[in-house]
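**Student:** Sharing a structure, written as structure tokens. Questions coming.
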Amino acid sequence: MLLHENKKKKLLRLLQIGINPFNRFVSTGEIQEDLGLAPSRNSLFQDILDSLEAEENCILPIIGDVGTGKTHLFWALKKELDHVYMIYISMENLFHKFYYNIYSEFIETLGINVLRSITNQLCNAWGASQRKYGFFRVVDINKVFSNAFNLLKDQHENKEALMDVLQAITSHHLDPYRKSQAENWLLGEIMDFKELSVLNLKKDLSSSIHAYTLLKLLIENARLQCLIFIDDFDKLISFARPEEDSDEQVFDPSWLYGKISEEHATEKKKIDKIMDRISRLLKIKGLKCIITLRSLDNLEHVKILFEQKNKMFLSFLKKPIFLTNFERNDIFYLYRENLKLFLKNVDFMDYLEKNDNPYFPLDENFLHNIYMRTQGNPREIIKSFIKIFNEIIQGTHDLEELKTKFNTLNRL
């Protein structure tokens with residue numbers, strides 16, 4: 001018993017250093033979360049797998065209210081789907097440099113070694129393995145470029161962008177003097193006129209059509225499938241009213257069926273552009289998308305937008321999957337697994353051995369009260385954990401006072 005009490009005291013001392021185990025939970029796709037799916041969501045995960053298993057392009061809508069864990073779902077899926085390149089994109093980041101932002105995320109997911117492997121594979125397919133004989137065996141770069149262009153020209157609309165992309169790839173793999181600069185171009189580095197001239201290129205990947213052309217080529221030749229996770233997709237319909245609260249869903253059917261005022265004309269053009277670019281994105285062979293929205297009503301509004309613009313979008317659309325609040329047992333999983341991660345990071349895994357209360361410094365009743373108070377909303381549960389552990393760290397209340405305080409709040 002004394003050993004258990006000493007371990008509890010050590011855990012409290014570690015917490016009071018100022019590390020809150022739950023502060024790293026944030027609603028963003030940029031910071032990785034390590035926890036897997038909560039138990040009640042295992043069936044949802046299987047539903048997602050079933051919807052994505054076909055080879056053809058598809059769009060899978062996932063609908064969940066604010067705080068139900070749509071962004072956390074991305075990290076859980078990324079952890080489980082190790083045979084898929086998963087790219088997280090927030091919808092608000094797509095209103096500027098659409099393809100460049102997607103390409104940047106794709107390359108970050110791919111990694112430099114995989115990028116080199118794909119360019120090597122492509123160049124060999126275009127004839128780089130066939131060498132001219134002389135004193136040294138050398139590659140005819142111009143012939144490789146010509147083979148590639150003839151093979152791909154009918155698959156790409158913009159021939160100038162295709163030529164730049166092929167020039168960069170062949171230089172990267174076959175020209176030792178320009179390999180480094182070509183690699184920087186492929187990684188998305190913005191270049192000035194002089195740097196482009198060295199590579200004999202006209203534009204860098206900040207050009208929308210160049211980014212799209214290279215994105216298409218790499219995705220269609222990657223060994224793994226590619227899945228783009230577009231979060232907050234319903235911002236597409238609220239973007240036209242930036243002065244409104246972002247939590248409100250705004251949609252004006254008059255954009256489609258009637259006249260639009262001058263003040264909304266610019267916003268409508270931007271939305272049209274986004275829809276055009278998403279439609280083009282879906283032409284990339286084998287590409288799959290998950291889009292998250294807050295309500296079924298918002299999905300219907302998005303359908304209306306695309307129905308008038310491009311019915312191909314609707315043909316790719318899968319039956320929506322609904323993300324609900326946690327079940328009661330999920331809060332115990334969330335707390336317990338996160339505590340394990342914290343203990344691992346502070347090198348105190350011994351604490352878990354023969355512990356009479358696996359939820360210390362809280363307890364089962366405390367966690368149940370948090371669940372009832374938050375109605376199982378994952379974001380509200382995390383906020384409660386952060387607040388409680390901040391109080392523990394500050395040491396302003398002993399544990400019994402803290403439990404009484406929060407239990408009182410639960411009854412209010």
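Letters A, B, ... mark the chains of the structure tokens in the order given; residue numbers begin at 1 per chain; ligand numbers begin at 1, in order shown.
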Quick one: residues within 8 Å of A:Glu105, only C-alpha atoms counted, chain neighbours fewer than 4 positions away excluded, as a PyMOL selection string?
**Tutor:** chain A and resi 87-89+101+109
**Student:** Output N, CA and C atoms for every residue in that selection, as a PDB file, in the first residue's frame.
**Tutor:**
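Wrote result20.pdb, looks like this:
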```pdb
ATOM      1  N   ILE A  87      -3.471  12.870 -46.725  1.00  0.00           N
ATOM      2  CA  ILE A  87      -3.131  14.290 -46.732  1.00  0.00           C
ATOM      3  C   ILE A  87      -4.249  15.065 -46.049  1.00  0.00           C
ATOM      4  N   TYR A  88      -3.895  15.849 -45.046  1.00  0.00           N
ATOM      5  CA  TYR A  88      -4.883  16.680 -44.364  1.00  0.00           C
ATOM      6  C   TYR A  88      -4.873  18.090 -44.956  1.00  0.00           C
ATOM      7  N   ILE A  89      -6.066  18.585 -45.307  1.00  0.00           N
ATOM      8  CA  ILE A  89      -6.205  19.941 -45.822  1.00  0.00           C
ATOM      9  C   ILE A  89      -7.397  20.593 -45.124  1.00  0.00           C
ATOM     10  N   ASN A 101      -0.954  24.267 -52.253  1.00  0.00           N
ATOM     11  CA  ASN A 101      -1.103  23.844 -50.860  1.00  0.00           C
ATOM     12  C   ASN A 101      -1.306  22.334 -50.758  1.00  0.00           C
ATOM     13  N   THR A 109       3.967  14.442 -46.880  1.00  0.00           N
ATOM     14  CA  THR A 109       3.528  13.087 -46.525  1.00  0.00           C
ATOM     15  C   THR A 109       4.397  12.037 -47.216  1.00  0.00           C
TER      16      THR A 109
END
```
**Student:** Just give me the gap between atom CA of A:Leu341 and atom CA of A:Leu399 in Å, one decimal is fine.
**Tutor:**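 Pair atom CA of A:Leu341 / atom CA of A:Leu399 returns 22.2 Å.
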**Student:** Go through A:Asn369, A:Asn221, A:Thr68, A:Gln394 one by one, measure the shortest atom-to-atom distance of each to A:Ala125 using only C-alpha atoms, and give the residue with the smallest value.
**Tutor:**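 Once distances to A:Ala125 are computed over only C-alpha atoms, the minimum belongs to A:Asn221.
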**Student:** If we count only C-alpha atoms, what is near stretch 183-192 of chain A at a cut-off of 8 Å, once residues fewer than 2 positions away on the same chain are taken out, given as a PDB file with N, CA and C atoms, in the first residue's frame?
**Tutor:**
```
ATOM      1  N   TYR A 100      -1.137  24.245 -55.046  1.00  0.00           N
ATOM      2  CA  TYR A 100       0.181  24.348 -54.418  1.00  0.00           C
ATOM      3  C   TYR A 100       0.114  23.876 -52.964  1.00  0.00           C
ATOM      4  N   TYR A 103      -0.300  20.133 -53.008  1.00  0.00           N
ATOM      5  CA  TYR A 103       0.965  19.513 -53.409  1.00  0.00           C
ATOM      6  C   TYR A 103       1.978  19.543 -52.265  1.00  0.00           C
ATOM      7  N   SER A 104       2.055  20.671 -51.560  1.00  0.00           N
ATOM      8  CA  SER A 104       3.001  20.797 -50.442  1.00  0.00           C
ATOM      9  C   SER A 104       2.718  19.759 -49.369  1.00  0.00           C
ATOM     10  N   ILE A 107       3.741  16.231 -50.702  1.00  0.00           N
ATOM     11  CA  ILE A 107       5.185  15.996 -50.676  1.00  0.00           C
ATOM     12  C   ILE A 107       5.673  15.773 -49.251  1.00  0.00           C
ATOM     13  N   ALA A 168      12.037  18.945 -65.209  1.00  0.00           N
ATOM     14  CA  ALA A 168      12.512  18.909 -63.824  1.00  0.00           C
ATOM     15  C   ALA A 168      12.787  17.469 -63.377  1.00  0.00           C
ATOM     16  N   ILE A 169      11.916  16.559 -63.740  1.00  0.00           N
ATOM     17  CA  ILE A 169      12.082  15.156 -63.322  1.00  0.00           C
ATOM     18  C   ILE A 169      13.294  14.518 -63.986  1.00  0.00           C
ATOM     19  N   HIS A 172      16.398  15.965 -62.526  1.00  0.00           N
ATOM     20  CA  HIS A 172      16.599  15.475 -61.162  1.00  0.00           C
ATOM     21  C   HIS A 172      17.229  14.089 -61.153  1.00  0.00           C
ATOM     22  N   LYS A 179      20.874  18.333 -60.560  1.00  0.00           N
ATOM     23  CA  LYS A 179      20.058  17.448 -59.718  1.00  0.00           C
ATOM     24  C   LYS A 179      19.531  18.169 -58.478  1.00  0.00           C
ATOM     25  N   SER A 180      20.424  18.898 -57.789  1.00  0.00           N
ATOM     26  CA  SER A 180      20.051  19.551 -56.535  1.00  0.00           C
ATOM     27  C   SER A 180      18.990  20.630 -56.758  1.00  0.00           C
ATOM     28  N   GLN A 181      19.218  21.475 -57.810  1.00  0.00           N
ATOM     29  CA  GLN A 181      18.245  22.541 -58.101  1.00  0.00           C
ATOM     30  C   GLN A 181      16.901  21.956 -58.533  1.00  0.00           C
ATOM     31  N   LYS A 194      16.296  33.696 -62.558  1.00  0.00           N
ATOM     32  CA  LYS A 194      17.642  33.162 -62.771  1.00  0.00           C
ATOM     33  C   LYS A 194      17.704  31.681 -62.410  1.00  0.00           C
ATOM     34  N   GLU A 195      17.096  31.305 -61.287  1.00  0.00           N
ATOM     35  CA  GLU A 195      17.105  29.905 -60.857  1.00  0.00           C
ATOM     36  C   GLU A 195      16.334  29.023 -61.830  1.00  0.00           C
ATOM     37  N   LEU A 196      15.229  29.547 -62.349  1.00  0.00           N
ATOM     38  CA  LEU A 196      14.454  28.787 -63.333  1.00  0.00           C
ATOM     39  C   LEU A 196      15.227  28.616 -64.629  1.00  0.00           C
ATOM     40  N   ASP A 204       7.705  27.968 -61.567  1.00  0.00           N
ATOM     41  CA  ASP A 204       7.820  27.021 -60.457  1.00  0.00           C
ATOM     42  C   ASP A 204       6.425  26.521 -60.087  1.00  0.00           C
ATOM     43  N   LEU A 205       6.326  25.812 -58.965  1.00  0.00           N
ATOM     44  CA  LEU A 205       5.065  25.173 -58.613  1.00  0.00           C
ATOM     45  C   LEU A 205       4.052  26.107 -57.954  1.00  0.00           C
ATOM     46  N   SER A 206       4.413  27.381 -57.807  1.00  0.00           N
ATOM     47  CA  SER A 206       3.397  28.343 -57.380  1.00  0.00           C
ATOM     48  C   SER A 206       2.394  28.577 -58.503  1.00  0.00           C
TER      49      SER A 206
END
```
**Student:** Kindly give the distance, in Å, that separates atom CA of A:Lys288 and atom CA of A:Val302, rounded to a single decimal.
**Tutor:** 17.7 Å
**Student:** Give me, as a ChimeraX atom specification, the residues of stretch 275-352 of chain A that a backbone DSSP run labels strand (DSSP E or B).
**Tutor:** /A:288-293,317,321-323
**Student:** Keeping only N, CA and C atoms, write the selected residues as a PDB file, in the first residue's frame.
**Tutor:**
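Here's the written file selection_29.pdb:
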```pdb
ATOM      1  N   LYS A 288      -8.875   9.448 -53.833  1.00  0.00           N
ATOM      2  CA  LYS A 288     -10.043   9.377 -52.964  1.00  0.00           C
ATOM      3  C   LYS A 288     -10.043  10.580 -52.019  1.00  0.00           C
ATOM      4  N   CYS A 289     -11.247  11.034 -51.689  1.00  0.00           N
ATOM      5  CA  CYS A 289     -11.382  12.190 -50.799  1.00  0.00           C
ATOM      6  C   CYS A 289     -12.341  11.870 -49.663  1.00  0.00           C
ATOM      7  N   ILE A 290     -11.986  12.347 -48.484  1.00  0.00           N
ATOM      8  CA  ILE A 290     -12.936  12.418 -47.377  1.00  0.00           C
ATOM      9  C   ILE A 290     -13.209  13.893 -47.137  1.00  0.00           C
ATOM     10  N   ILE A 291     -14.465  14.267 -47.036  1.00  0.00           N
ATOM     11  CA  ILE A 291     -14.810  15.649 -46.700  1.00  0.00           C
ATOM     12  C   ILE A 291     -15.610  15.634 -45.402  1.00  0.00           C
ATOM     13  N   THR A 292     -15.314  16.565 -44.504  1.00  0.00           N
ATOM     14  CA  THR A 292     -16.075  16.638 -43.259  1.00  0.00           C
ATOM     15  C   THR A 292     -16.996  17.844 -43.295  1.00  0.00           C
ATOM     16  N   LEU A 293     -18.200  17.648 -42.787  1.00  0.00           N
ATOM     17  CA  LEU A 293     -19.200  18.706 -42.730  1.00  0.00           C
ATOM     18  C   LEU A 293     -19.908  18.641 -41.383  1.00  0.00           C
ATOM     19  N   LEU A 317     -19.880  10.805 -55.176  1.00  0.00           N
ATOM     20  CA  LEU A 317     -20.274  10.963 -53.779  1.00  0.00           C
ATOM     21  C   LEU A 317     -20.799   9.660 -53.178  1.00  0.00           C
ATOM     22  N   ILE A 321     -21.247   9.151 -43.757  1.00  0.00           N
ATOM     23  CA  ILE A 321     -21.059   8.453 -42.484  1.00  0.00           C
ATOM     24  C   ILE A 321     -21.159   9.496 -41.371  1.00  0.00           C
ATOM     25  N   PHE A 322     -21.872   9.154 -40.305  1.00  0.00           N
ATOM     26  CA  PHE A 322     -22.144  10.124 -39.247  1.00  0.00           C
ATOM     27  C   PHE A 322     -21.244   9.873 -38.039  1.00  0.00           C
ATOM     28  N   LEU A 323     -20.631  10.963 -37.572  1.00  0.00           N
ATOM     29  CA  LEU A 323     -19.733  10.918 -36.422  1.00  0.00           C
ATOM     30  C   LEU A 323     -20.504  11.453 -35.217  1.00  0.00           C
TER      31      LEU A 323
END
```
**Student:** If we count only C-alpha atoms, what is near stretch 145-155 of chain A at a cut-off of 9 Å, once residues fewer than 4 positions away on the same chain are taken out, given as a PyMOL selection string?
**Tutor:** chain A and resi 122-123+125-127+140-141+159+162-163+166-167+170
**Student:** Using only C-alpha atoms, which of A:Phe366, A:Tyr99, A:Phe360, A:Tyr351 sits nearest A:Lys7?
**Tutor:**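 Using only C-alpha atoms, the shortest distance to A:Lys7 belongs to A:Tyr351.
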**Student:** Have a look at A:Val346, A:Ala222, A:Ala128, A:Cys58 and name the one nearest to A:Leu110; count only C-alpha atoms.
**Tutor:**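 Of A:Val346, A:Ala222, A:Ala128, A:Cys58, the one nearest A:Leu110, counting only C-alpha atoms, is A:Ala222.
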**Student:** For A:Leu214, which of A:His368, A:His156, A:Lys10, A:Arg379 is the closest residue, counting only C-alpha atoms?
**Tutor:**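 Closest to A:Leu214, using only C-alpha atoms: A:His156.
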**Student:** Can you tell me how far atom CA of A:Asn338 sits from atom CA of A:Leu73, in Å to one decimal?
**Tutor:**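 If I compute the distance from atom CA of A:Asn338 to atom CA of A:Leu73, I get 15.7 Å.
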**Student:** Nearest residue to A:Ile48 out of A:Ile62, A:Ala161, A:Ile271, A:Met91, using only C-alpha atoms?
**Tutor:**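 Closest candidate: A:Ile62.
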